[in-house]
file upload.txt (compact mmCIF, C-alpha atoms)
# COMPACT_ATOMS: atom_id res chain seq x y z
CA MET A 11 -0.15 -1.77 -18.95
CA PRO A 12 1.54 1.54 -17.99
CA GLY A 13 3.93 3.06 -20.55
CA ALA A 14 7.50 4.31 -20.37
CA VAL A 15 9.18 5.34 -17.12
CA PHE A 16 9.09 9.14 -16.90
CA ARG A 17 10.69 9.65 -13.46
CA ARG A 18 12.08 7.18 -10.95
CA GLY A 19 12.08 7.16 -7.12
CA ASP A 20 13.72 4.62 -4.80
CA ARG A 21 10.78 2.25 -4.75
CA VAL A 22 8.22 3.70 -7.18
CA THR A 23 8.28 4.87 -10.79
CA LEU A 24 6.06 7.42 -12.50
CA ARG A 25 5.03 6.03 -15.89
CA THR A 26 2.95 7.45 -18.75
CA VAL A 27 -0.76 6.62 -18.86
CA GLU A 28 -1.67 4.44 -21.84
CA HIS A 29 -5.11 3.72 -23.32
CA GLU A 30 -5.20 0.26 -21.79
CA ASP A 31 -4.82 1.79 -18.30
CA ALA A 32 -8.44 2.97 -18.42
CA GLU A 33 -9.58 -0.06 -16.45
CA PHE A 34 -7.05 0.63 -13.67
CA LEU A 35 -7.95 4.35 -13.41
CA GLN A 36 -11.63 3.45 -13.45
CA ARG A 37 -11.11 1.20 -10.44
CA GLY A 38 -9.48 4.05 -8.49
CA HIS A 39 -12.05 6.65 -9.49
CA ASN A 40 -14.97 4.45 -8.38
CA ASP A 41 -13.59 2.99 -5.13
CA PRO A 42 -15.13 5.09 -2.30
CA ALA A 43 -11.88 4.80 -0.31
CA VAL A 44 -10.17 6.74 -3.11
CA ALA A 45 -12.95 8.78 -4.71
CA VAL A 46 -14.57 10.28 -1.58
CA PRO A 47 -11.36 11.81 -0.16
CA LEU A 48 -10.51 13.00 -3.69
CA GLY A 49 -13.86 14.77 -4.12
CA VAL A 50 -15.04 12.56 -7.00
CA ASN A 51 -18.78 12.10 -6.52
CA MET A 52 -19.96 10.50 -9.78
CA PRO A 53 -19.51 7.00 -11.15
CA GLU A 54 -17.15 6.60 -14.11
CA ASN A 55 -17.51 3.87 -16.73
CA GLU A 56 -14.67 2.51 -18.80
CA SER A 57 -15.43 4.64 -21.84
CA GLU A 58 -15.45 7.81 -19.68
CA ALA A 59 -12.11 6.75 -18.19
CA GLN A 60 -10.85 6.18 -21.74
CA ALA A 61 -12.13 9.60 -22.86
CA SER A 62 -10.39 11.36 -19.97
CA ILE A 63 -7.09 9.67 -20.91
CA GLU A 64 -7.56 10.84 -24.50
CA ASP A 65 -8.46 14.38 -23.37
CA HIS A 66 -5.07 14.59 -21.64
CA GLU A 67 -3.17 13.76 -24.81
CA GLY A 68 -1.66 16.88 -26.34
CA ASP A 69 -2.63 18.85 -23.22
CA ASN A 70 0.44 20.91 -22.26
CA LEU A 71 -1.03 22.38 -19.09
CA ASN A 72 -1.79 19.20 -17.17
CA VAL A 73 0.39 16.18 -16.41
CA SER A 74 -0.98 12.80 -15.38
CA LEU A 75 1.27 9.85 -14.46
CA LEU A 76 0.79 6.38 -13.00
CA VAL A 77 2.54 5.47 -9.76
CA CYS A 78 4.01 1.98 -10.24
CA LEU A 79 5.91 -0.66 -8.29
CA GLU A 80 8.63 -2.47 -10.21
CA ASP A 81 8.28 -5.80 -8.44
CA GLY A 82 8.06 -8.22 -11.32
CA ASP A 83 8.51 -8.49 -15.07
CA ASP A 84 5.76 -5.93 -15.59
CA PRO A 85 5.15 -2.75 -13.57
CA THR A 86 2.21 -2.83 -11.14
CA PRO A 87 0.17 0.41 -11.17
CA ILE A 88 -0.86 1.39 -7.62
CA GLY A 89 -2.11 4.98 -8.07
CA GLN A 90 -1.93 8.24 -9.97
CA VAL A 91 -0.35 11.70 -9.57
CA TYR A 92 -1.35 14.89 -11.39
CA LEU A 93 -0.09 18.40 -11.94
CA MET A 94 -2.79 20.86 -12.98
CA ASP A 95 -2.65 24.30 -14.62
CA LEU A 96 1.07 24.54 -15.33
CA HIS A 97 0.46 28.06 -16.74
CA HIS A 98 -0.53 29.30 -13.27
CA THR A 99 1.96 30.94 -10.90
CA ARG A 100 1.41 28.05 -8.49
CA PRO A 101 0.07 24.92 -10.21
CA GLU A 102 -1.89 22.42 -8.14
CA LEU A 103 -0.93 18.82 -7.50
CA SER A 104 -3.05 15.86 -6.56
CA TYR A 105 -2.53 12.14 -5.94
CA TRP A 106 -4.21 8.88 -4.95
CA LEU A 107 -3.19 5.30 -4.24
CA LEU A 108 -5.35 2.20 -4.14
CA PRO A 109 -6.29 1.52 -0.49
CA GLU A 110 -4.26 -1.71 -0.22
CA TYR A 111 -1.06 0.30 -0.84
CA HIS A 112 -1.71 2.98 1.80
CA GLY A 113 0.56 3.22 4.84
CA ASN A 114 3.87 2.34 3.16
CA GLY A 115 5.13 5.81 2.31
CA TYR A 116 4.49 5.25 -1.41
CA GLY A 117 2.27 8.36 -1.59
CA THR A 118 4.97 10.59 -0.11
CA GLU A 119 7.63 9.10 -2.36
CA ALA A 120 5.59 9.43 -5.56
CA THR A 121 4.55 12.98 -4.68
CA GLU A 122 8.15 13.97 -3.92
CA VAL A 123 9.23 12.70 -7.34
CA LEU A 124 6.41 14.73 -8.91
CA VAL A 125 7.34 17.87 -6.92
CA ASP A 126 10.99 17.56 -8.00
CA TYR A 127 9.90 17.18 -11.61
CA ALA A 128 7.58 20.20 -11.35
CA PHE A 129 10.25 22.55 -9.96
CA ASN A 130 13.06 21.21 -12.15
CA ALA A 131 11.18 21.23 -15.44
CA HIS A 132 8.85 24.22 -15.16
CA GLU A 133 9.48 27.88 -14.30
CA ILE A 134 6.84 27.94 -11.57
CA ARG A 135 6.87 30.06 -8.41
CA GLY A 136 5.43 27.35 -6.20
CA LEU A 137 2.95 24.52 -5.90
CA GLN A 138 -0.28 24.07 -4.05
CA ALA A 139 -2.51 21.28 -2.89
CA GLN A 140 -5.83 21.01 -1.11
CA ALA A 141 -7.44 18.27 0.92
CA PHE A 142 -10.61 17.73 2.92
CA ALA A 143 -9.86 18.26 6.59
CA PRO A 144 -10.57 14.69 7.78
CA ASN A 145 -8.24 13.22 5.13
CA ASP A 146 -5.23 12.55 7.37
CA GLY A 147 -3.35 10.45 4.80
CA SER A 148 -3.38 13.16 2.20
CA VAL A 149 -2.40 15.94 4.62
CA GLY A 150 0.37 13.66 5.98
CA VAL A 151 1.94 13.46 2.52
CA LEU A 152 2.00 17.26 2.25
CA GLU A 153 3.45 17.73 5.72
CA ASN A 154 6.12 15.08 5.07
CA LEU A 155 7.20 17.18 2.09
CA ASP A 156 7.32 20.43 4.13
CA PHE A 157 4.31 22.04 2.46
CA GLU A 158 3.06 24.91 4.61
CA HIS A 159 -0.54 25.04 5.81
CA GLU A 160 -1.89 28.29 4.34
CA GLY A 161 -5.54 28.24 5.26
CA THR A 162 -8.65 26.30 6.23
CA LEU A 163 -11.82 27.07 4.31
CA ARG A 164 -14.66 26.38 6.69
CA ASP A 165 -17.47 24.04 5.58
CA ALA A 166 -16.33 24.58 2.00
CA ARG A 167 -17.26 21.26 0.37
CA PHE A 168 -20.06 18.71 0.73
CA ARG A 169 -18.81 15.15 0.86
CA ASP A 170 -19.75 11.95 2.61
CA GLY A 171 -22.99 13.43 3.96
CA GLU A 172 -21.70 16.64 5.50
CA TYR A 173 -19.95 19.95 4.88
CA VAL A 174 -16.25 19.62 5.60
CA ASP A 175 -13.36 22.06 5.81
CA VAL A 176 -10.90 22.29 2.94
CA VAL A 177 -7.27 22.74 3.95
CA TRP A 178 -4.84 24.51 1.60
CA TYR A 179 -1.12 23.85 1.48
CA GLY A 180 1.64 25.56 -0.46
CA LEU A 181 5.34 25.11 -1.19
CA LEU A 182 7.46 27.92 -2.64
CA ARG A 183 10.50 27.31 -4.82
CA GLU A 184 13.06 28.40 -2.18
CA GLU A 185 11.48 26.08 0.39
CA TRP A 186 11.86 23.22 -2.06
CA ASP A 187 15.49 24.28 -2.71
CA ASP A 188 16.18 24.15 1.05
CA MET A 189 14.68 20.70 1.22
CA GLU A 190 16.96 19.50 -1.58
CA VAL A 191 20.00 20.81 0.35
CA ASP A 192 18.85 19.02 3.53
CA ASP A 193 18.63 15.73 1.60
CA MET B 24 -27.10 49.10 -22.16
CA PRO B 25 -28.13 47.04 -19.07
CA GLY B 26 -31.32 44.93 -19.17
CA PRO B 27 -34.27 44.76 -16.73
CA ILE B 28 -34.00 45.08 -12.95
CA VAL B 29 -33.28 41.91 -10.96
CA GLU B 30 -33.06 43.49 -7.49
CA THR B 31 -33.29 46.97 -5.98
CA ALA B 32 -31.83 48.68 -2.94
CA GLU B 33 -31.98 52.31 -1.89
CA ASP B 34 -28.98 53.57 -3.86
CA VAL B 35 -28.37 50.92 -6.51
CA THR B 36 -30.16 48.37 -8.67
CA LEU B 37 -28.89 45.08 -10.03
CA ARG B 38 -29.74 44.67 -13.72
CA THR B 39 -28.97 41.88 -16.18
CA VAL B 40 -25.67 42.06 -18.06
CA GLU B 41 -26.32 42.29 -21.82
CA ARG B 42 -23.83 41.61 -24.59
CA GLU B 43 -23.84 45.27 -25.50
CA ASP B 44 -22.39 45.97 -22.02
CA ALA B 45 -19.11 44.43 -23.22
CA ALA B 46 -17.45 47.84 -23.66
CA PHE B 47 -18.20 48.69 -20.01
CA ILE B 48 -17.12 45.26 -18.65
CA GLN B 49 -13.96 45.53 -20.78
CA ARG B 50 -12.72 48.21 -18.43
CA PHE B 51 -12.60 45.60 -15.64
CA TYR B 52 -9.95 43.78 -17.69
CA THR B 53 -7.75 46.88 -17.72
CA ASP B 54 -7.70 46.83 -13.87
CA PRO B 55 -4.75 44.58 -12.90
CA TRP B 56 -6.04 44.07 -9.34
CA ALA B 57 -9.61 43.23 -10.22
CA ARG B 58 -9.11 41.01 -13.28
CA VAL B 59 -7.06 38.50 -11.26
CA GLY B 60 -10.37 37.53 -9.67
CA LEU B 61 -11.36 35.96 -13.00
CA HIS B 62 -7.88 34.48 -13.57
CA ALA B 63 -7.16 37.04 -16.28
CA THR B 64 -3.52 38.12 -16.32
CA SER B 65 -3.87 40.61 -19.16
CA HIS B 66 -6.36 42.91 -20.85
CA LYS B 67 -8.95 41.79 -23.41
CA ASN B 68 -10.37 43.44 -26.47
CA GLU B 69 -14.11 44.05 -26.83
CA ALA B 70 -14.71 40.94 -28.94
CA GLU B 71 -13.01 38.78 -26.29
CA VAL B 72 -15.16 40.33 -23.58
CA GLU B 73 -18.34 39.67 -25.60
CA GLU B 74 -17.25 36.05 -25.81
CA THR B 75 -16.62 35.99 -22.03
CA ILE B 76 -20.10 37.39 -21.40
CA GLU B 77 -21.55 34.68 -23.60
CA GLU B 78 -19.51 31.85 -22.11
CA GLU B 79 -19.10 32.87 -18.45
CA PHE B 80 -21.67 35.53 -17.49
CA GLU B 81 -24.50 33.72 -19.29
CA ASP B 82 -23.55 30.25 -18.00
CA ASP B 83 -26.40 28.84 -15.86
CA GLY B 84 -23.85 27.83 -13.24
CA ASN B 85 -22.87 31.49 -12.72
CA ALA B 86 -24.87 34.59 -11.74
CA ALA B 87 -23.96 38.03 -13.10
CA TYR B 88 -25.37 41.40 -12.04
CA LEU B 89 -24.69 44.86 -13.41
CA VAL B 90 -24.65 47.36 -10.53
CA CYS B 91 -26.57 50.44 -11.75
CA VAL B 92 -27.61 53.84 -10.44
CA ASP B 93 -31.11 54.51 -11.75
CA SER B 94 -32.86 57.83 -12.25
CA GLU B 95 -36.02 58.37 -10.17
CA ASP B 96 -38.48 57.13 -12.79
CA ALA B 97 -36.31 54.46 -14.39
CA PRO B 98 -38.38 51.49 -15.60
CA TYR B 99 -38.02 47.95 -14.25
CA ASP B 100 -37.96 46.97 -17.92
CA HIS B 101 -35.24 47.77 -20.47
CA PRO B 102 -33.94 51.24 -19.64
CA ASP B 103 -32.91 54.04 -21.99
CA ASP B 104 -29.56 55.81 -21.70
CA GLU B 105 -30.93 58.56 -19.46
CA ASP B 106 -32.68 56.08 -17.11
CA THR B 107 -29.67 54.32 -15.66
CA THR B 108 -25.88 54.43 -15.31
CA PRO B 109 -23.93 51.18 -14.98
CA VAL B 110 -21.24 51.69 -12.30
CA GLY B 111 -19.92 48.15 -11.80
CA PHE B 112 -20.76 44.47 -11.70
CA VAL B 113 -20.86 41.44 -9.41
CA LEU B 114 -20.24 37.91 -10.70
CA ALA B 115 -20.81 34.76 -8.63
CA VAL B 116 -19.04 31.76 -10.15
CA HIS B 117 -20.59 28.32 -9.53
CA VAL B 118 -23.86 29.16 -7.80
CA ASP B 119 -24.65 25.52 -8.73
CA ARG B 120 -22.04 24.15 -6.28
CA ASP B 121 -21.36 24.19 -2.53
CA ARG B 122 -19.40 27.47 -2.39
CA PRO B 123 -19.71 30.10 -5.15
CA ASN B 124 -16.84 32.56 -5.56
CA LEU B 125 -17.54 36.31 -5.78
CA VAL B 126 -15.84 38.88 -7.99
CA HIS B 127 -16.89 42.50 -8.02
CA TRP B 128 -15.67 45.72 -9.59
CA VAL B 129 -16.71 49.37 -9.68
CA ALA B 130 -15.43 51.76 -12.36
CA PRO B 131 -12.84 54.22 -10.96
CA GLU B 132 -14.97 57.33 -11.52
CA TYR B 133 -17.80 55.94 -9.34
CA ARG B 134 -15.64 54.89 -6.38
CA GLY B 135 -16.01 56.55 -2.99
CA GLU B 136 -19.79 56.86 -3.32
CA GLY B 137 -20.63 53.61 -1.51
CA TYR B 138 -21.86 51.92 -4.71
CA ALA B 139 -19.43 49.00 -4.36
CA GLU B 140 -20.61 48.30 -0.80
CA ALA B 141 -24.29 48.66 -1.71
CA GLY B 142 -24.02 46.55 -4.87
CA LEU B 143 -22.05 43.81 -3.15
CA GLU B 144 -24.40 43.66 -0.16
CA LEU B 145 -27.44 43.46 -2.43
CA ALA B 146 -25.80 40.72 -4.51
CA VAL B 147 -24.88 38.63 -1.43
CA GLU B 148 -28.44 38.92 -0.14
CA THR B 149 -29.83 37.98 -3.56
CA ILE B 150 -27.54 34.97 -3.94
CA PHE B 151 -28.37 33.51 -0.51
CA ARG B 152 -32.09 34.01 -1.23
CA THR B 153 -31.98 32.58 -4.77
CA TYR B 154 -29.56 29.66 -4.59
CA ASP B 155 -29.27 26.89 -1.96
CA VAL B 156 -25.58 27.52 -1.39
CA HIS B 157 -23.97 26.78 1.98
CA SER B 158 -21.38 29.57 1.86
CA LEU B 159 -19.70 32.15 -0.37
CA SER B 160 -16.00 32.76 -0.94
CA THR B 161 -13.83 35.48 -2.41
CA ASN B 162 -10.08 35.88 -3.07
CA PRO B 163 -8.78 39.46 -2.99
CA VAL B 164 -5.13 40.01 -3.81
CA ASP B 165 -2.80 41.33 -1.11
CA GLY B 166 -2.41 45.06 -1.59
CA ASP B 167 -6.04 45.62 -2.59
CA GLU B 168 -7.02 46.76 0.90
CA GLU B 169 -10.27 48.47 -0.11
CA THR B 170 -11.66 45.26 -1.50
CA ARG B 171 -10.62 43.28 1.57
CA GLN B 172 -12.25 45.80 3.92
CA ARG B 173 -15.44 45.75 1.87
CA TYR B 174 -15.77 41.98 2.30
CA GLU B 175 -14.80 42.15 5.97
CA SER B 176 -17.46 44.77 6.65
CA LEU B 177 -20.05 42.36 5.20
CA GLY B 178 -18.93 39.70 7.68
CA PHE B 179 -16.61 37.63 5.48
CA VAL B 180 -14.06 35.75 7.64
CA HIS B 181 -10.36 35.57 6.72
CA GLU B 182 -9.59 31.88 6.32
CA GLY B 183 -6.04 31.96 5.02
CA ALA B 184 -3.65 33.34 2.44
CA ASN B 185 -1.98 31.50 -0.42
CA ARG B 186 1.54 32.87 -0.53
CA GLU B 187 2.75 34.50 -3.75
CA MET B 188 -0.10 32.98 -5.69
CA GLU B 189 -0.43 35.63 -8.42
CA PHE B 190 1.91 37.98 -10.26
CA VAL B 191 0.27 41.43 -10.17
CA GLU B 192 1.83 44.83 -10.85
CA GLY B 193 5.42 43.62 -10.91
CA GLU B 194 5.36 41.36 -7.85
CA TYR B 195 4.30 37.94 -6.66
CA ARG B 196 1.48 38.62 -4.23
CA ASP B 197 -0.46 36.61 -1.67
CA VAL B 198 -4.09 35.82 -2.42
CA HIS B 199 -6.41 35.96 0.58
CA GLN B 200 -9.12 33.41 1.21
CA TYR B 201 -12.38 34.70 2.68
CA GLY B 202 -15.56 32.78 3.44
CA LEU B 203 -19.07 33.68 4.62
CA LEU B 204 -21.40 30.92 5.82
CA ARG B 205 -25.14 31.22 5.30
CA ARG B 206 -25.76 31.00 9.06
CA GLU B 207 -23.33 33.87 9.65
CA TRP B 208 -25.09 36.00 7.03
CA GLU B 209 -28.53 35.23 8.43
CA ALA B 210 -27.48 35.91 12.04

call {"tool": "encode", "arguments": {"input": "upload.txt", "output": "structure tokens"}}
result
Amino acid sequence: MPGAVFRRGDRVTLRTVEHEDAEFLQRGHNDPAVAVPLGVNMPENESEAQASIEDHEGDNLNVSLLVCLEDGDDPTPIGQVYLMDLHHTRPELSYWLLPEYHGNGYGTEATEVLVDYAFNAHEIRGLQAQAFAPNDGSVGVLENLDFEHEGTLRDARFRDGEYVDVVWYGLLREEWDDMEVDD
Amino acid sequence: MPGPIVETAEDVTLRTVEREDAAFIQRFYTDPWARVGLHATSHKNEAEVEETIEEEFEDDGNAAYLVCVDSEDAPYDHPDDEDTTPVGFVLAVHVDRDRPNLVHWVAPEYRGEGYAEAGLELAVETIFRTYDVHSLSTNPVDGDEETRQRYESLGFVHEGANREMEFVEGEYRDVHQYGLLRREWEA
């Protein structure tokens, strides 16, 4: 069961990852519909999932949160968002949702909540994200949030049987400020 | 003092980086443009650099080469002081993955002699021959035009620029993304 609510969107919450969420994360990290677009190419057992949760505890440079729906007595975890390398000028973000929750705008909403948190809470210059070129869902989230396409690394990663391009996106603080004003 | 020869070209050799080369490599960490390539934002002392050699340069997933100018009868084996002069180094990070990243540096007093070009070209050739990598990448900082031109003259293609990615010499600067595919190198 996910822990306390850390940030809240209209339909989703971002909650802390607890030890008993290992089974949920393990499901995401092993499902090819999630893992392949994310670049995860090894199986993960429950004790590895547990260890990675524990590794994050006390880690001040990386943030990991569960994306949840609040549709019953208990929250339902549907995915995960991360912020990596908060000591960098432009930390990197990443996200995934279980396949049955794709197509409802939950990814965009959860990522927007994470982006707001990142700029509000940390003195960062900008954010970045990368995706494999055929991953339309992931790129769609970034474009919905006005991330700018900054480059395409040709044939840069091997996944799903072939070399694919990696696309890089970035959002600078003033672009995020403008977006806030537009809202 | 550098170790034995790994590769040779007309003007330079690539020799192994030894722990006693820490004092030379340390000078790379006083170069604000170059050290960004290894995500270092500040200088290091010699003990820190020795540790970096042990942890990064000696890692089996990375390949490190000291670019040296040898005297005429320098041995392939361990050289003496008068046999060779280290002028720079090339480090390829993650030769065990799809796309290793290159960092190179030449000490200021040896610049303008073509050693950087020769050392880099020899290292690229060596890496494509030694490791089954599909491509190479490198990320020079905007403002370091010499480095960018050096990669471009070897055929690296500009693939993008991450805006204001690093804080170098008082300003947020773009970091350029360059890639070179094996088939482009072999063509």

call {"tool": "residues_around", "arguments": {"input": "upload.txt", "residues": "Thr149 of chain B", "least_positions_apart": "4", "cutoff": "10 Å", "atoms": "only C-alpha atoms", "output": "PyMOL selection string"}}
result
chain B and resi 29-31+37+143-145+153-154

call {"tool": "write_last_selection", "arguments": {"input": "upload.txt", "atoms": "C-alpha atoms", "output": "tab-separated table (two decimals), keeping the file's coordinate frame"}}
result
chain	number	residue	atom	x	y	z
B	29	VAL	CA	-33.28	41.91	-10.96
B	30	GLU	CA	-33.06	43.49	-7.49
B	31	THR	CA	-33.29	46.97	-5.98
B	37	LEU	CA	-28.89	45.08	-10.03
B	143	LEU	CA	-22.05	43.81	-3.15
B	144	GLU	CA	-24.40	43.66	-0.16
B	145	LEU	CA	-27.44	43.46	-2.43
B	153	THR	CA	-31.98	32.58	-4.77
B	154	TYR	CA	-29.56	29.66	-4.59

call {"tool": "atom_distance", "arguments": {"input": "upload.txt", "atom1": "atom CA of Glu148 of chain B", "atom2": "atom CA of Gln172 of chain B"}}
result
18.1 Å

call {"tool": "interface_residues", "arguments": {"input": "upload.txt", "of": "chain B", "to": "chain A", "cutoff": "7 Å", "atoms": "only C-alpha atoms", "output": "list in words"}}
result
Asp121, Arg122, Glu182, Gly183, Ala184, Asn185, Met188, Glu189 and Gly202 of chain B

call {"tool": "write_last_selection", "arguments": {"input": "upload.txt", "atoms": "C-alpha atoms", "output": "tab-separated table (two decimals), in the coordinates of the input"}}
result
chain	number	residue	atom	x	y	z
B	121	ASP	CA	-21.36	24.19	-2.53
B	122	ARG	CA	-19.40	27.47	-2.39
B	182	GLU	CA	-9.59	31.88	6.32
B	183	GLY	CA	-6.04	31.96	5.02
B	184	ALA	CA	-3.65	33.34	2.44
B	185	ASN	CA	-1.98	31.50	-0.42
B	188	MET	CA	-0.10	32.98	-5.69
B	189	GLU	CA	-0.43	35.63	-8.42
B	202	GLY	CA	-15.56	32.78	3.44

call {"tool": "atom_distance", "arguments": {"input": "upload.txt", "atom1": "atom CA of Ala86 of chain B", "atom2": "atom CA of Arg173 of chain B"}}
result
20.0 Å

call {"tool": "residues_around", "arguments": {"input": "upload.txt", "residues": "Val44 of chain A", "least_positions_apart": "2", "cutoff": "8 Å", "atoms": "all atoms listed in the file", "output": "list in words"}}
result
Gly38, His39, Asn40, Asp41, Pro42, Val46, Pro47, Leu48, Trp106, Leu107, Leu108 and Pro109 of chain A

call {"tool": "residues_around", "arguments": {"input": "upload.txt", "residues": "segment 113-127 of chain A", "least_positions_apart": "2", "cutoff": "8 Å", "atoms": "all atoms listed in the file", "output": "mmCIF file with C-alpha atoms, keeping the file's coordinate frame"}}
result
data_model
loop_
_atom_site.group_PDB
_atom_site.id
_atom_site.type_symbol
_atom_site.label_atom_id
_atom_site.label_comp_id
_atom_site.auth_asym_id
_atom_site.auth_seq_id
_atom_site.Cartn_x
_atom_site.Cartn_y
_atom_site.Cartn_z
ATOM 1 C CA ARG A 17 10.690 9.650 -13.460
ATOM 2 C CA ARG A 18 12.080 7.180 -10.950
ATOM 3 C CA GLY A 19 12.080 7.160 -7.120
ATOM 4 C CA ASP A 20 13.720 4.620 -4.800
ATOM 5 C CA ARG A 21 10.780 2.250 -4.750
ATOM 6 C CA VAL A 22 8.220 3.700 -7.180
ATOM 7 C CA THR A 23 8.280 4.870 -10.790
ATOM 8 C CA LEU A 24 6.060 7.420 -12.500
ATOM 9 C CA VAL A 77 2.540 5.470 -9.760
ATOM 10 C CA VAL A 91 -0.350 11.700 -9.570
ATOM 11 C CA TYR A 105 -2.530 12.140 -5.940
ATOM 12 C CA TRP A 106 -4.210 8.880 -4.950
ATOM 13 C CA LEU A 107 -3.190 5.300 -4.240
ATOM 14 C CA TYR A 111 -1.060 0.300 -0.840
ATOM 15 C CA PHE A 129 10.250 22.550 -9.960
ATOM 16 C CA ASN A 130 13.060 21.210 -12.150
ATOM 17 C CA ALA A 131 11.180 21.230 -15.440
ATOM 18 C CA HIS A 132 8.850 24.220 -15.160
ATOM 19 C CA VAL A 151 1.940 13.460 2.520
ATOM 20 C CA LEU A 152 2.000 17.260 2.250
ATOM 21 C CA ASN A 154 6.120 15.080 5.070
ATOM 22 C CA LEU A 155 7.200 17.180 2.090
#

call {"tool": "atom_distance", "arguments": {"input": "upload.txt", "atom1": "atom CA of Tyr99 of chain B", "atom2": "atom CA of Ile28 of chain B"}}
result
5.1 Å

call {"tool": "residues_around", "arguments": {"input": "upload.txt", "residues": "Met94 of chain A", "least_positions_apart": "3", "cutoff": "9 Å", "atoms": "only C-alpha atoms", "output": "mmCIF file with C-alpha atoms, in the frame of the given file"}}
result
data_model
loop_
_atom_site.group_PDB
_atom_site.id
_atom_site.type_symbol
_atom_site.label_atom_id
_atom_site.label_comp_id
_atom_site.auth_asym_id
_atom_site.auth_seq_id
_atom_site.Cartn_x
_atom_site.Cartn_y
_atom_site.Cartn_z
ATOM 1 C CA LEU A 71 -1.030 22.380 -19.090
ATOM 2 C CA ASN A 72 -1.790 19.200 -17.170
ATOM 3 C CA VAL A 73 0.390 16.180 -16.410
ATOM 4 C CA SER A 74 -0.980 12.800 -15.380
ATOM 5 C CA HIS A 97 0.460 28.060 -16.740
ATOM 6 C CA HIS A 98 -0.530 29.300 -13.270
ATOM 7 C CA PRO A 101 0.070 24.920 -10.210
ATOM 8 C CA GLU A 102 -1.890 22.420 -8.140
ATOM 9 C CA LEU A 103 -0.930 18.820 -7.500
ATOM 10 C CA SER A 104 -3.050 15.860 -6.560
#

call {"tool": "residues_around", "arguments": {"input": "upload.txt", "residues": "Met11 of chain A", "least_positions_apart": "4", "cutoff": "10 Å", "atoms": "all atoms listed in the file", "output": "JSON, numbers by chain"}}
result
{"A": [25, 26, 27, 28, 29, 30, 31, 32, 33, 34, 84, 85, 86, 87]}

call {"tool": "closest_residue", "arguments": {"input": "upload.txt", "among": "A:Gly150, A:Pro144, A:Gly89, A:Gly171", "to": "Leu75 of chain A", "atoms": "only C-alpha atoms"}}
result
A:Gly89

call {"tool": "axis_aligned_box", "arguments": {"input": "upload.txt", "around": "segment 20-33 of chain A", "padding_each_side": "5 Å", "output": "JSON"}}
result
{"center_x": 2.1, "center_y": 3.7, "center_z": -14.0, "size_x": 33.3, "size_y": 17.5, "size_z": 28.6}

call {"tool": "closest_residue", "arguments": {"input": "upload.txt", "among": "A:Glu56, A:Gly49, A:Ile134, A:Cys78", "to": "Val176 of chain A", "atoms": "all atoms listed in the file"}}
result
A:Gly49

call {"tool": "residues_near_point", "arguments": {"input": "upload.txt", "point": "(-15.6, 41.2, -7.7)", "cutoff": "12 Å", "atoms": "all atoms listed in the file", "output": "ChimeraX atom specification"}}
result
/B:48,51-52,54,56-62,87-90,111-116,124-130,139-140,142-144,146-147,160-164,167,169-171,173-174

call {"tool": "closest_residue", "arguments": {"input": "upload.txt", "among": "B:Asp34, B:Tyr201, B:Lys67, B:Phe190", "to": "Ser176 of chain B", "atoms": "all atoms listed in the file"}}
result
B:Tyr201

call {"tool": "closest_residue", "arguments": {"input": "upload.txt", "among": "B:Glu192, B:Glu209, B:Asp197, B:Glu95", "to": "Ser65 of chain B", "atoms": "only C-alpha atoms"}}
result
B:Glu192
